[in-house]
Each structure stands twice: as structure tokens, then as C-alpha cells.
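The next block is coords30.txt, given as compact mmCIF, C-alpha atoms and all ligand atoms.
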```txt
# COMPACT_ATOMS: atom_id res chain seq x y z
CA MET A 14 64.43 -59.77 56.24
CA ILE A 15 63.61 -56.38 57.75
CA ASP A 16 66.68 -55.31 59.70
CA PHE A 17 66.44 -53.67 63.08
CA ASN A 18 68.72 -50.86 61.91
CA ILE A 19 70.28 -49.73 58.65
CA ALA A 20 72.87 -46.97 58.99
CA PRO A 21 71.75 -43.69 57.41
CA PHE A 22 73.11 -42.87 53.97
CA THR A 23 72.20 -39.82 51.93
CA GLY A 24 74.24 -40.27 48.74
CA LYS A 25 76.65 -37.33 49.16
CA GLU A 26 79.01 -39.16 51.52
CA LEU A 27 81.42 -40.49 48.88
CA GLU A 28 81.78 -37.14 47.18
CA TYR A 29 82.71 -35.41 50.44
CA VAL A 30 85.08 -38.17 51.54
CA ARG A 31 86.76 -37.94 48.12
CA GLN A 32 87.25 -34.20 48.61
CA THR A 33 89.31 -34.86 51.75
CA ILE A 34 91.42 -37.41 49.92
CA ASP A 35 91.93 -35.19 46.86
CA ALA A 36 93.03 -32.35 49.13
CA HIS A 37 95.42 -34.68 51.00
CA LYS A 38 93.75 -33.53 54.21
CA ILE A 39 92.43 -36.54 56.04
CA CYS A 40 93.75 -35.95 59.56
CA GLY A 41 91.57 -34.39 62.25
CA ASP A 42 90.18 -30.85 62.46
CA GLY A 43 90.05 -30.34 58.69
CA GLN A 44 87.36 -28.45 56.79
CA PHE A 45 84.59 -31.02 57.34
CA THR A 46 85.24 -31.29 61.06
CA LYS A 47 84.99 -27.49 61.23
CA LYS A 48 81.76 -27.51 59.23
CA CYS A 49 80.26 -30.15 61.54
CA ASN A 50 81.37 -28.35 64.71
CA SER A 51 79.92 -25.03 63.62
CA TRP A 52 76.72 -26.68 62.37
CA LEU A 53 76.21 -28.25 65.79
CA GLU A 54 76.95 -24.94 67.50
CA LYS A 55 74.53 -22.94 65.34
CA ARG A 56 71.76 -25.46 65.12
CA PHE A 57 71.73 -26.32 68.83
CA LYS A 58 72.81 -22.88 70.13
CA ALA A 59 75.76 -24.63 71.74
CA GLN A 60 78.59 -22.55 73.14
CA LYS A 61 81.16 -25.04 71.76
CA ALA A 62 80.98 -28.36 69.92
CA LEU A 63 83.98 -30.60 69.23
CA LEU A 64 83.74 -33.76 67.15
CA THR A 65 85.22 -36.78 68.92
CA THR A 66 85.90 -40.37 67.98
CA SER A 67 82.74 -41.54 69.79
CA ALA A 68 80.21 -40.63 72.47
CA SER A 69 82.26 -42.90 74.72
CA THR A 70 85.34 -40.69 74.33
CA ALA A 71 83.22 -37.51 74.60
CA LEU A 72 82.05 -38.91 77.95
CA ASP A 73 85.67 -39.68 78.89
CA MET A 74 86.56 -36.06 78.18
CA ALA A 75 83.59 -34.80 80.18
CA ALA A 76 84.53 -36.98 83.16
CA MET A 77 88.12 -35.66 83.06
CA LEU A 78 86.99 -32.05 82.67
CA CYS A 79 84.79 -32.52 85.76
CA HIS A 80 88.02 -33.36 87.63
CA ILE A 81 86.73 -36.63 89.03
CA LYS A 82 89.12 -38.04 91.61
CA PRO A 83 89.30 -41.62 92.89
CA GLY A 84 86.54 -42.16 95.45
CA ASP A 85 84.20 -39.50 94.04
CA GLU A 86 80.66 -40.64 93.34
CA VAL A 87 78.64 -40.26 90.18
CA ILE A 88 74.86 -40.68 89.96
CA LEU A 89 73.45 -42.36 86.85
CA PRO A 90 70.65 -44.72 85.83
CA SER A 91 71.37 -48.45 85.74
CA PHE A 92 69.29 -48.74 82.57
CA THR A 93 71.94 -47.44 80.14
CA PHE A 94 74.84 -48.49 77.94
CA SER A 95 78.17 -49.42 79.51
CA SER A 96 79.84 -46.30 78.04
CA THR A 97 77.92 -44.00 80.39
CA ALA A 98 79.56 -45.80 83.30
CA ASN A 99 83.01 -46.60 81.84
CA SER A 100 84.11 -42.99 81.53
CA PHE A 101 83.57 -42.37 85.22
CA VAL A 102 85.15 -45.70 86.18
CA LEU A 103 88.21 -44.67 84.15
CA ALA A 104 88.37 -41.45 86.18
CA GLY A 105 88.23 -43.49 89.41
CA ALA A 106 84.66 -42.78 90.47
CA LYS A 107 82.24 -45.04 92.28
CA LEU A 108 78.94 -45.47 90.44
CA VAL A 109 75.67 -44.85 92.25
CA PHE A 110 72.73 -46.20 90.27
CA VAL A 111 69.28 -44.71 90.67
CA ASP A 112 65.97 -46.21 89.56
CA ILE A 113 64.19 -45.11 86.38
CA ARG A 114 60.70 -43.81 85.68
CA PRO A 115 58.60 -46.44 83.92
CA ASP A 116 57.01 -43.95 81.50
CA THR A 117 60.18 -42.68 79.81
CA MET A 118 62.78 -45.20 81.08
CA ASN A 119 64.83 -42.16 82.15
CA ILE A 120 66.43 -41.61 85.56
CA ASP A 121 63.74 -40.85 88.16
CA GLU A 122 64.53 -37.26 89.11
CA ALA A 123 62.61 -37.69 92.38
CA LYS A 124 65.08 -40.36 93.53
CA ILE A 125 68.31 -38.49 92.78
CA GLU A 126 68.53 -36.35 95.89
CA GLU A 127 68.45 -39.28 98.30
CA ALA A 128 71.47 -40.80 96.49
CA ILE A 129 73.65 -37.74 97.07
CA THR A 130 76.47 -38.05 99.61
CA ALA A 131 79.40 -35.81 100.55
CA LYS A 132 81.38 -37.58 97.79
CA THR A 133 78.93 -36.98 94.94
CA LYS A 134 80.40 -34.90 92.09
CA VAL A 135 78.31 -35.46 88.98
CA ILE A 136 74.81 -36.42 87.84
CA VAL A 137 74.60 -38.14 84.45
CA PRO A 138 71.11 -38.05 82.96
CA VAL A 139 70.73 -40.34 79.94
CA HIS A 140 68.08 -39.20 77.46
CA TYR A 141 66.75 -42.62 76.55
CA ALA A 142 65.28 -42.96 73.06
CA GLY A 143 66.00 -39.26 72.52
CA VAL A 144 63.32 -38.29 75.04
CA ALA A 145 64.54 -35.73 77.58
CA CYS A 146 65.01 -36.33 81.29
CA GLU A 147 63.34 -33.81 83.63
CA MET A 148 66.21 -31.37 83.24
CA ASP A 149 64.74 -28.43 85.22
CA CYS A 150 64.54 -30.60 88.30
CA ILE A 151 67.98 -32.17 87.71
CA ILE A 152 69.69 -28.80 87.18
CA ASP A 153 68.02 -27.47 90.31
CA ILE A 154 69.32 -30.41 92.37
CA ALA A 155 72.80 -30.00 90.88
CA ASN A 156 72.85 -26.27 91.67
CA ARG A 157 71.71 -26.78 95.24
CA HIS A 158 74.38 -29.45 95.88
CA ASN A 159 77.11 -27.93 93.74
CA LEU A 160 77.27 -30.88 91.35
CA LYS A 161 78.15 -31.03 87.66
CA VAL A 162 75.70 -32.40 85.08
CA VAL A 163 76.95 -34.45 82.11
CA GLU A 164 74.14 -35.25 79.67
CA ASP A 165 74.51 -38.56 77.88
CA SER A 166 72.74 -37.32 74.76
CA ALA A 167 74.11 -40.11 72.57
CA GLN A 168 70.56 -40.80 71.40
CA GLY A 169 69.33 -37.22 71.67
CA VAL A 170 70.74 -35.37 68.64
CA MET A 171 67.94 -33.06 67.35
CA SER A 172 65.72 -33.57 70.42
CA THR A 173 64.75 -30.70 72.71
CA TYR A 174 63.59 -30.06 76.26
CA LYS A 175 61.57 -26.84 76.66
CA GLU A 176 63.04 -25.70 73.34
CA LYS A 177 66.65 -26.31 74.40
CA ALA A 178 68.65 -28.88 72.48
CA LEU A 179 69.55 -31.95 74.51
CA GLY A 180 73.22 -31.80 75.34
CA THR A 181 73.18 -28.02 75.83
CA ILE A 182 71.47 -27.95 79.23
CA GLY A 183 74.02 -29.44 81.66
CA ASP A 184 77.72 -28.58 81.95
CA PHE A 185 78.58 -30.99 79.15
CA GLY A 186 76.64 -32.96 76.54
CA CYS A 187 77.82 -36.03 74.64
CA TYR A 188 76.50 -37.02 71.22
CA SER A 189 77.03 -40.25 69.32
CA PHE A 190 77.41 -40.60 65.56
CA HIS A 191 77.79 -44.35 65.70
CA GLU A 192 76.23 -46.38 62.91
CA THR A 193 73.25 -47.24 65.13
CA LYS A 194 72.37 -43.61 65.79
CA ASN A 195 70.25 -41.11 63.81
CA TYR A 196 73.28 -39.49 62.14
CA SER A 197 76.39 -41.52 61.51
CA MET A 198 80.07 -41.33 60.65
CA GLY A 199 80.68 -45.02 61.39
CA GLU A 200 82.26 -44.34 64.74
CA GLY A 201 82.15 -40.82 66.11
CA GLY A 202 80.60 -38.36 68.49
CA ALA A 203 80.79 -34.84 69.82
CA LEU A 204 81.42 -33.10 73.09
CA ILE A 205 79.20 -30.09 73.76
CA ILE A 206 80.72 -27.62 76.23
CA ASN A 207 78.20 -25.29 77.79
CA ASN A 208 80.54 -23.21 79.92
CA PRO A 209 83.33 -21.36 78.07
CA LYS A 210 85.68 -21.75 81.02
CA TYR A 211 86.29 -25.35 79.86
CA ASN A 212 87.05 -24.54 76.22
CA ASP A 213 90.82 -24.33 76.48
CA ALA A 214 91.15 -27.36 78.73
CA ALA A 215 88.95 -29.41 76.38
CA GLU A 216 91.00 -28.47 73.30
CA ILE A 217 94.22 -29.40 75.06
CA LEU A 218 92.80 -32.69 76.33
CA ARG A 219 91.57 -33.59 72.84
CA GLU A 220 94.86 -32.69 71.11
CA LYS A 221 97.29 -34.92 73.04
CA GLY A 222 97.83 -32.37 75.77
CA THR A 223 99.15 -29.72 73.39
CA ASN A 224 97.97 -26.18 72.67
CA ARG A 225 97.93 -26.98 68.96
CA SER A 226 94.42 -25.54 68.45
CA LYS A 227 95.59 -22.19 69.79
CA PHE A 228 98.63 -22.38 67.52
CA PHE A 229 96.46 -22.88 64.44
CA ARG A 230 94.39 -19.87 65.43
CA GLY A 231 97.58 -17.83 65.71
CA GLN A 232 97.13 -17.27 69.45
CA VAL A 233 100.54 -18.75 70.32
CA ASP A 234 103.64 -18.83 68.08
CA LYS A 235 104.61 -22.44 68.74
CA TYR A 236 102.75 -25.33 70.23
CA THR A 237 103.89 -27.47 73.08
CA TRP A 238 102.84 -30.04 75.65
CA VAL A 239 100.90 -28.10 78.28
CA ASP A 240 98.87 -30.71 80.20
CA PHE A 241 97.70 -34.32 80.19
CA GLY A 242 95.88 -35.21 77.00
CA ASP A 243 94.88 -37.92 74.60
CA SER A 244 93.72 -38.11 71.00
CA TYR A 245 89.98 -37.71 70.64
CA LEU A 246 89.66 -36.13 67.21
CA PRO A 247 88.29 -38.15 64.31
CA SER A 248 89.75 -38.22 60.81
CA ASP A 249 88.28 -35.59 58.50
CA MET A 250 87.18 -38.48 56.24
CA ASN A 251 84.72 -39.52 58.91
CA ALA A 252 83.63 -35.93 59.44
CA ALA A 253 83.02 -35.65 55.68
CA TYR A 254 80.74 -38.67 55.89
CA LEU A 255 78.82 -37.07 58.77
CA TRP A 256 78.55 -33.74 56.95
CA ALA A 257 76.50 -35.35 54.20
CA GLN A 258 73.98 -36.30 56.88
CA LEU A 259 73.97 -33.08 58.92
CA GLU A 260 73.19 -31.22 55.69
CA MET A 261 70.03 -33.29 55.51
CA ALA A 262 69.35 -33.47 59.23
CA ASP A 263 65.79 -32.19 58.99
CA GLU A 264 64.85 -34.58 56.24
CA ILE A 265 66.28 -37.54 58.15
CA ASN A 266 64.52 -36.43 61.31
CA GLU A 267 61.14 -35.99 59.59
CA ASN A 268 61.49 -39.33 57.85
CA ARG A 269 62.12 -41.13 61.14
CA LEU A 270 59.28 -39.26 62.86
CA LYS A 271 56.91 -40.35 60.12
CA THR A 272 57.69 -44.00 60.87
CA TRP A 273 57.47 -43.40 64.61
CA ASN A 274 54.07 -41.77 64.25
CA MET A 275 52.80 -44.56 62.00
CA TYR A 276 53.72 -47.10 64.65
CA ASN A 277 52.31 -45.06 67.47
CA LYS A 278 48.98 -44.46 65.78
CA ALA A 279 48.60 -48.10 64.79
CA PHE A 280 49.34 -49.41 68.30
CA LYS A 281 47.07 -47.01 70.22
CA PRO A 282 44.13 -49.45 70.14
CA LEU A 283 46.36 -52.20 71.58
CA GLU A 284 47.36 -49.84 74.35
CA GLN A 285 43.75 -48.88 75.02
CA ARG A 286 42.89 -52.58 75.38
CA GLY A 287 45.69 -52.84 77.95
CA ARG A 288 47.57 -55.25 75.73
CA VAL A 289 50.85 -53.30 75.37
CA GLU A 290 52.40 -50.14 76.74
CA LEU A 291 53.76 -47.45 74.43
CA PRO A 292 56.43 -44.78 74.96
CA THR A 293 55.43 -41.56 76.73
CA ILE A 294 56.62 -38.19 75.46
CA PRO A 295 56.25 -35.76 78.37
CA GLU A 296 55.02 -32.18 77.97
CA GLY A 297 57.83 -29.90 76.81
CA CYS A 298 59.84 -32.69 75.15
CA VAL A 299 60.31 -32.90 71.40
CA HIS A 300 61.94 -36.17 70.41
CA ASN A 301 63.92 -37.32 67.38
CA ALA A 302 62.37 -40.75 66.76
CA HIS A 303 65.60 -42.43 67.73
CA MET A 304 63.71 -45.51 68.77
CA TYR A 305 60.29 -47.12 68.86
CA TYR A 306 59.63 -49.57 71.64
CA LEU A 307 56.72 -51.50 73.09
CA LYS A 308 56.38 -53.09 76.48
CA CYS A 309 55.04 -56.62 76.70
CA ARG A 310 53.44 -58.04 79.85
CA ASN A 311 56.60 -59.80 80.98
CA LEU A 312 59.89 -61.36 79.90
CA ASP A 313 58.26 -64.57 78.71
CA GLU A 314 55.82 -62.76 76.44
CA ARG A 315 58.64 -60.59 75.10
CA SER A 316 60.71 -63.67 74.19
CA ARG A 317 57.74 -65.16 72.33
CA PHE A 318 57.16 -61.84 70.58
CA ILE A 319 60.77 -61.61 69.36
CA CYS A 320 60.59 -65.22 68.03
CA PHE A 321 57.24 -64.58 66.35
CA MET A 322 58.58 -61.48 64.61
CA ARG A 323 61.80 -63.25 63.58
CA GLU A 324 59.75 -66.02 61.94
CA ARG A 325 58.06 -63.32 59.88
CA GLY A 326 61.47 -61.91 58.91
CA ILE A 327 61.41 -58.91 61.23
CA GLN A 328 64.31 -58.24 63.54
CA CYS A 329 63.19 -56.88 66.93
CA THR A 330 65.53 -56.55 69.88
CA PHE A 331 65.50 -56.03 73.61
CA HIS A 332 67.81 -53.48 75.18
CA TYR A 333 70.17 -53.04 78.14
CA VAL A 334 70.80 -55.57 80.84
CA PRO A 335 70.69 -53.18 83.82
CA LEU A 336 74.25 -52.24 84.72
CA HIS A 337 73.86 -52.88 88.45
CA SER A 338 73.14 -56.55 87.73
CA ALA A 339 76.11 -56.92 85.33
CA PRO A 340 79.49 -58.17 86.65
CA ALA A 341 81.22 -54.81 86.13
CA GLY A 342 78.30 -52.91 87.62
CA LYS A 343 78.60 -54.94 90.81
CA LYS A 344 82.32 -54.28 90.91
CA PHE A 345 82.20 -50.55 90.30
CA GLY A 346 78.87 -49.45 91.73
CA ARG A 347 75.90 -49.76 94.02
CA PHE A 348 72.18 -49.33 93.50
CA ASN A 349 70.76 -46.64 95.75
CA GLY A 350 67.27 -47.37 97.08
CA GLU A 351 65.00 -50.02 95.68
CA ASP A 352 65.02 -51.35 92.11
CA VAL A 353 61.29 -50.96 91.51
CA PHE A 354 61.28 -50.36 87.77
CA THR A 355 64.77 -50.81 86.30
CA THR A 356 64.76 -54.61 86.03
CA ARG A 357 61.03 -55.08 85.62
CA GLU A 358 60.63 -52.56 82.81
CA SER A 359 63.82 -53.52 80.96
CA ASP A 360 62.62 -57.15 80.92
CA ARG A 361 59.44 -56.12 79.10
CA LEU A 362 60.84 -53.65 76.60
CA VAL A 363 61.30 -54.56 72.93
CA ARG A 364 62.45 -52.30 70.10
CA LEU A 365 61.00 -52.36 66.58
CA PRO A 366 62.95 -51.64 63.36
CA MET A 367 63.61 -47.92 63.03
CA TYR A 368 65.84 -46.25 60.51
CA TYR A 369 65.98 -43.52 57.87
CA ASN A 370 64.03 -44.63 54.79
CA LEU A 371 62.26 -47.61 56.30
CA THR A 372 59.64 -48.10 53.59
CA ASN A 373 55.90 -47.67 54.11
CA GLU A 374 55.37 -51.26 52.98
CA ASP A 375 57.83 -52.61 55.54
CA CYS A 376 56.35 -50.40 58.22
CA SER A 377 52.84 -51.67 57.42
CA PHE A 378 54.03 -55.26 57.45
CA ILE A 379 55.63 -54.73 60.87
CA ILE A 380 52.44 -53.14 62.18
CA ASP A 381 50.32 -56.04 60.86
CA SER A 382 52.67 -58.56 62.43
CA VAL A 383 52.61 -56.84 65.82
CA SER A 384 48.82 -56.67 65.70
CA LEU A 385 48.59 -60.34 64.76
CA PHE A 386 50.81 -61.39 67.68
CA PHE A 387 48.79 -59.48 70.22
CA LYS A 388 45.49 -60.63 68.71
CA ASN A 389 46.44 -64.28 69.05
CA THR A 390 47.82 -64.14 72.55
C1 LIG B 1 75.36 -45.36 71.69
C2 LIG B 1 75.43 -44.89 73.09
C3 LIG B 1 76.65 -44.59 73.70
C4 LIG B 1 77.98 -44.84 73.04
O1 LIG B 1 78.13 -44.21 71.83
P1 LIG B 1 79.47 -44.47 70.97
O2 LIG B 1 79.49 -43.34 70.00
O3 LIG B 1 79.30 -45.79 70.32
O4 LIG B 1 80.61 -44.45 71.90
C5 LIG B 1 76.65 -44.09 74.97
N1 LIG B 1 75.50 -43.90 75.65
C6 LIG B 1 74.30 -44.19 75.11
C7 LIG B 1 73.06 -43.96 75.90
C8 LIG B 1 74.23 -44.71 73.82
O5 LIG B 1 73.04 -45.01 73.29
```

What would you get if you wrote out this structure as C-alpha cells?
Amino acid sequence: MIDFNIAPFTGKELEYVRQTIDAHKICGDGQFTKKCNSWLEKRFKAQKALLTTSASTALDMAAMLCHIKPGDEVILPSFTFSSTANSFVLAGAKLVFVDIRPDTMNIDEAKIEEAITAKTKVIVPVHYAGVACEMDCIIDIANRHNLKVVEDSAQGVMSTYKEKALGTIGDFGCYSFHETKNYSMGEGGALIINNPKYNDAAEILREKGTNRSKFFRGQVDKYTWVDFGDSYLPSDMNAAYLWAQLEMADEINENRLKTWNMYNKAFKPLEQRGRVELPTIPEGCVHNAHMYYLKCRNLDERSRFICFMRERGIQCTFHYVPLHSAPAGKKFGRFNGEDVFTTRESDRLVRLPMYYNLTNEDCSFIIDSVSLFFKNT
């Protein structure tokens, strides 16, 4: 069986986790958390990076730091994971879904402005498959309407847009280090803060509402409860696990890109014959091979494709059910304008196995199987 995903593992994880145990320092913000935070800051030229327990909680923090109030509106694509929406629902916002572009499956920047009302507070671009949204256009809209931008960069660690790391372009960026992502700590994430005016508030929010971070830096002589907060910091054991992967981030990235490029090259002839559609990487975007997907002609063909691949021992999967058509999406949001592409394109999309160290043999077998399916149908 060729799995759809196998969590990345480099071999150093156990040694680093053991170091935290030996030092009796397994709570949050230990040496490995600090290493990870400063790696993210240096590598991505981020003003501030804070590890969190997930991208979901990084998004929760971002929504709270944007001071969302009940009744405020937030603009996001419907083609995304529930977490993108939940954080803003938690803060009391109404969701306003906007259609996607069929080429990248990202929010259609040309349809954002018509969704803005007097209540709009935030735009949440989701960088699907680690391929950037049109950030210049989105930032321009946000500036003109005085809106915040929270990048859901859960899939975008190591991707760039016009040489800027995804997550560092809006007001906040949210990364995921879940087991299904390019770099993993089991469950985990990071909040990227791009405006220093939020640094103190973010630290307090993440540390149960206390100014404990300031205390540890010697900036205050005792720490106390200063504002509302929660606990969003992961154990240093998890950070140690992640550190083993960040140390090898380039190798993991190149390995995934090699697989991605093998797929893409092999399927070009199918695309030229009009048999499938392949992902588009727009000018100025460098991606991280988070995902490889194909688009079949329709839902029926996709179902047959997934069965065909499963019979050959290859696990392929579809992706999101558009949020606006899900029960919670109906309850918490509305779709602005017409759903031209969201449902149609999500029905046709299928993802192929993609993970660090997928072997050449497995990759070739997957390619042969895909070619065989589309030859026979
Ligand atoms: C994975 C993912 C999330 C959630 O990440 P967690 O770390 O599991 O909370 C949110 N948004 C998108 C687009 C994702 O792919």
C-alpha cells in the first residue's frame, strides 16, 4: 500500500526529545521552542514567530489580536479547512465566503472588494497547496479599506511570494506543524506577527493572560495576570521533535519538490491532450511541494479514479467539502456573489501521495497507474 501521507521523520527527533527529558525541561518555551522561534524569524525574515499548539490556535490568537467583535465580518474562501473559519466564529464574526480562482484554488482577489461591507474587519487568504494568493492585490485592498490580513499559511511553510515568505506579508501568518504538513511536531503551529505593536499582547494572550515572558526577560520583577489569555504554547518535547526537521528544512523541501516535479513532468502530455488539469504556479510564486493534485473531468470520473488507484494499492484523496455548503458554514456564514468555481473545482480535484522520502519506485508506479487510468477512459 502506498499511503497518501507519511509524517516526516529525520532520525534526530528522539535524541532531541531525550535532551528535554534529561534536562527536566519539558514545559513550554524551553530551549527547543526558542531555537524553532528564532529559526523561523531568521529564515523567513519574520519580525516575531511564536510556536503554538496548532495552526488552529495560531488562527485563534490572530482573530483575537485583530479585536474581532460580535457582528464583524471576515472574508475568506469557502474552499478551505474548518479551522480557518472556526477562529473567527469563536471571536463572534460572521463569515463571508468568496469564490476561488480555478487555476490555483486560492481566493479570487478580483471578487474580494465586492464582498466588503461597513462591518468587514479582516481578509483571510489561504495559500492552498503552499502556492501564494495574489498578495499585492489583497494587501492593496486591505490598505484602502483599513482591513487586517491574516494569512492562513498552514500549508505554506517555506513558500514565497515575490521573494517574501508566506505568512510574513499580512498582519499575521499562521503555520501548521501537524503530522500532515511538510514539517511536523505531531500537533503544533506558529503565529507570525508582522507588526511589533502586537508583540506584547500576543505574548500575554499565549501565556494565560500573564506577563510571564517579560518576567523571564527581566523586564518586570514579578509576573501577574494582566489581560485575558489562554494557553497556546506547546511542550518543549514537541518543539524538540520539530527542531530535528527545521534543521533539515532544505533537504525535506528539495526532496518533496523532486517528487512534485516528477509528477508534473510525467502528466504534462495528459494535460496537453486535455485529459486532466494540473496545478498552476503563478509568476512570482515559489512553492514548497506541499501537495500534488490533478483535476478530473467531473465528480464521477474522480470517484472512479480513486477506486482504480485504491485497487492498485495507492491511496489518493479528495479535499475540502466547501464550507458554505457544510452545516456549520450555513449557520455562520454566507457566500458572496456566485459560486462559479468553488463547488465545481473541488468536486474534480484529487490529491496524489506526497511526502518526504516517497521512493522513486513508488513515484514511478503512481505515475504509471495514473497514465493507465487516463489511457483506458
Ligand atoms: C492543516 C490546516 C489547518 C489546521 O492546522 P492545525 O495545525 O491542524 O490546526 C488550517 N488551515 C489549513 C489551510 C490547513 O491546511

Contact table chain A vs ligand LIG 1 (chain B), cut-off 7 Å, shortest pair per residue, all atoms listed in the file, as JSON lines:
```
{"residue": "A:Ser67", "atom": "CA", "partner": "B:LIG1", "partner_atom": "O2", "distance": 3.7}
{"residue": "A:Ala68", "atom": "CA", "partner": "B:LIG1", "partner_atom": "O2", "distance": 3.7}
{"residue": "A:Ser69", "atom": "CA", "partner": "B:LIG1", "partner_atom": "O4", "distance": 3.6}
{"residue": "A:Thr70", "atom": "CA", "partner": "B:LIG1", "partner_atom": "O4", "distance": 6.5}
{"residue": "A:Thr93", "atom": "CA", "partner": "B:LIG1", "partner_atom": "C7", "distance": 5.6}
{"residue": "A:Phe94", "atom": "CA", "partner": "B:LIG1", "partner_atom": "N1", "distance": 5.2}
{"residue": "A:Ser96", "atom": "CA", "partner": "B:LIG1", "partner_atom": "C5", "distance": 4.9}
{"residue": "A:Thr97", "atom": "CA", "partner": "B:LIG1", "partner_atom": "N1", "distance": 5.3}
{"residue": "A:Val139", "atom": "CA", "partner": "B:LIG1", "partner_atom": "C7", "distance": 5.9}
{"residue": "A:Tyr141", "atom": "CA", "partner": "B:LIG1", "partner_atom": "C7", "distance": 6.5}
{"residue": "A:Asp165", "atom": "CA", "partner": "B:LIG1", "partner_atom": "N1", "distance": 5.9}
{"residue": "A:Ser166", "atom": "CA", "partner": "B:LIG1", "partner_atom": "C7", "distance": 6.7}
{"residue": "A:Ala167", "atom": "CA", "partner": "B:LIG1", "partner_atom": "C8", "distance": 4.8}
{"residue": "A:Gln168", "atom": "CA", "partner": "B:LIG1", "partner_atom": "O5", "distance": 5.2}
{"residue": "A:Ser189", "atom": "CA", "partner": "B:LIG1", "partner_atom": "O2", "distance": 4.0}
{"residue": "A:Phe190", "atom": "CA", "partner": "B:LIG1", "partner_atom": "O2", "distance": 5.6}
{"residue": "A:His191", "atom": "CA", "partner": "B:LIG1", "partner_atom": "O2", "distance": 4.7}
{"residue": "A:Lys194", "atom": "CA", "partner": "B:LIG1", "partner_atom": "C1", "distance": 6.8}
{"residue": "A:Glu200", "atom": "CA", "partner": "B:LIG1", "partner_atom": "O2", "distance": 6.0}
{"residue": "A:Gly201", "atom": "CA", "partner": "B:LIG1", "partner_atom": "O2", "distance": 5.3}
{"residue": "A:Gly202", "atom": "CA", "partner": "B:LIG1", "partner_atom": "O2", "distance": 5.3}
```

Quiz prompt | Nearby residues (all atoms listed in the file) at most 12 Å from Ala59 of chain A, same-chain spacing under 3 positions excluded, as a ChimeraX atom specification | solution = /A:50-56,62-63,177-187,203-209

Practice problem: For segment 215-225 of chain A, please output as a PyMOL selection string all residues within 12 Å (counting only C-alpha atoms; exclusion window: fewer than 5 positions along the same chain). | Solution: chain A and resi 41-42+61-66+70-80+185+203-210+230-247

Written file, previous selection with C-alpha atoms, as an mmCIF file, in the frame of the given file:
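See result.cif below for the written result:
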```cif
data_model
loop_
_atom_site.group_PDB
_atom_site.id
_atom_site.type_symbol
_atom_site.label_atom_id
_atom_site.label_comp_id
_atom_site.auth_asym_id
_atom_site.auth_seq_id
_atom_site.Cartn_x
_atom_site.Cartn_y
_atom_site.Cartn_z
ATOM 1 C CA GLY A 41 91.570 -34.390 62.250
ATOM 2 C CA ASP A 42 90.180 -30.850 62.460
ATOM 3 C CA LYS A 61 81.160 -25.040 71.760
ATOM 4 C CA ALA A 62 80.980 -28.360 69.920
ATOM 5 C CA LEU A 63 83.980 -30.600 69.230
ATOM 6 C CA LEU A 64 83.740 -33.760 67.150
ATOM 7 C CA THR A 65 85.220 -36.780 68.920
ATOM 8 C CA THR A 66 85.900 -40.370 67.980
ATOM 9 C CA THR A 70 85.340 -40.690 74.330
ATOM 10 C CA ALA A 71 83.220 -37.510 74.600
ATOM 11 C CA LEU A 72 82.050 -38.910 77.950
ATOM 12 C CA ASP A 73 85.670 -39.680 78.890
ATOM 13 C CA MET A 74 86.560 -36.060 78.180
ATOM 14 C CA ALA A 75 83.590 -34.800 80.180
ATOM 15 C CA ALA A 76 84.530 -36.980 83.160
ATOM 16 C CA MET A 77 88.120 -35.660 83.060
ATOM 17 C CA LEU A 78 86.990 -32.050 82.670
ATOM 18 C CA CYS A 79 84.790 -32.520 85.760
ATOM 19 C CA HIS A 80 88.020 -33.360 87.630
ATOM 20 C CA PHE A 185 78.580 -30.990 79.150
ATOM 21 C CA ALA A 203 80.790 -34.840 69.820
ATOM 22 C CA LEU A 204 81.420 -33.100 73.090
ATOM 23 C CA ILE A 205 79.200 -30.090 73.760
ATOM 24 C CA ILE A 206 80.720 -27.620 76.230
ATOM 25 C CA ASN A 207 78.200 -25.290 77.790
ATOM 26 C CA ASN A 208 80.540 -23.210 79.920
ATOM 27 C CA PRO A 209 83.330 -21.360 78.070
ATOM 28 C CA LYS A 210 85.680 -21.750 81.020
ATOM 29 C CA ARG A 230 94.390 -19.870 65.430
ATOM 30 C CA GLY A 231 97.580 -17.830 65.710
ATOM 31 C CA GLN A 232 97.130 -17.270 69.450
ATOM 32 C CA VAL A 233 100.540 -18.750 70.320
ATOM 33 C CA ASP A 234 103.640 -18.830 68.080
ATOM 34 C CA LYS A 235 104.610 -22.440 68.740
ATOM 35 C CA TYR A 236 102.750 -25.330 70.230
ATOM 36 C CA THR A 237 103.890 -27.470 73.080
ATOM 37 C CA TRP A 238 102.840 -30.040 75.650
ATOM 38 C CA VAL A 239 100.900 -28.100 78.280
ATOM 39 C CA ASP A 240 98.870 -30.710 80.200
ATOM 40 C CA PHE A 241 97.700 -34.320 80.190
ATOM 41 C CA GLY A 242 95.880 -35.210 77.000
ATOM 42 C CA ASP A 243 94.880 -37.920 74.600
ATOM 43 C CA SER A 244 93.720 -38.110 71.000
ATOM 44 C CA TYR A 245 89.980 -37.710 70.640
ATOM 45 C CA LEU A 246 89.660 -36.130 67.210
ATOM 46 C CA PRO A 247 88.290 -38.150 64.310
#
```

Practice problem: Identify which of the residues A:Glu122, A:Glu264, A:Glu296, A:Glu176 lies closest to Asp153 of chain A, counting all atoms listed in the file when measuring atom-to-atom distances. | Solution: A:Glu122

Quiz item: For the atom pair atom CA of Asn212 of chain A and atom CA of Lys48 of chain A, what is the interatomic distance in Å to one decimal place?
Solution: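 So the answer is 18.0 Å.
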
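Near Ile15 of chain A, within 12 Å and counting all atoms listed in the file, sit Asn18, Ile19, Met322, Arg323, Glu324, Arg325, Gly326, Ile327, Gln328, Cys329, Leu365, Pro366, Met367, Tyr368, Leu371, Thr372, Glu374, Asp375, Cys376, Ser377, Phe378 and Ile379 of chain A; same-chain residues fewer than 3 positions away were not included.
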
Quiz item: Which residues come within 10 Å of Arg361 of chain A, counting all atoms listed in the file, excluding same-chain residues fewer than 3 positions away, as a list in words?
Solution: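 The neighbour list is Val289, Glu290, Tyr306, Leu307, Lys308, Cys309, Arg310, Asn311, Leu312, Asp313, Glu314, Arg315, Ser316, Phe331, His332, Thr356, Arg357 and Glu358 of chain A.
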
Practice problem: Would you work out the distance separating atom CA of Leu291 of chain A from atom CA of Leu270 of chain A, expressed in Å to one decimal? | Solution: 15.2 Å

Hey, can I get the axis-aligned box for segment 168-171 of chain A? All listed atoms, 4 Å padding on each side, centre and edge lengths in Å to one decimal, as lines of an AutoDock Vina configuration file.
```
center_x = 69.3
center_y = -36.9
center_z = 69.5
size_x = 10.8
size_y = 15.7
size_z = 12.3
```

Practice problem: Rounded to one decimal place, report the atom CA of Thr117 of chain A-atom CA of Ile294 of chain A distance in Å. | Solution: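 If I compute the distance from atom CA of Thr117 of chain A to atom CA of Ile294 of chain A, I get 7.2 Å.
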
Quiz item: Near Ser95 of chain A, counting only C-alpha atoms, which residues have an atom at most 10 Å away, once you skip same-chain residues fewer than 2 positions from it, shown as number ranges by chain?
Solution: A: 69, 91-93, 97-100, 333-336, 339, 341-342

Self-check item: Among listed residues A:Asp16, A:Gly346, A:Phe354, A:Gly287, nearest Val109 of chain A (using only C-alpha atoms)
Solution: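 When distances to Val109 of chain A are compared using only C-alpha atoms, the smallest one comes from A:Gly346.
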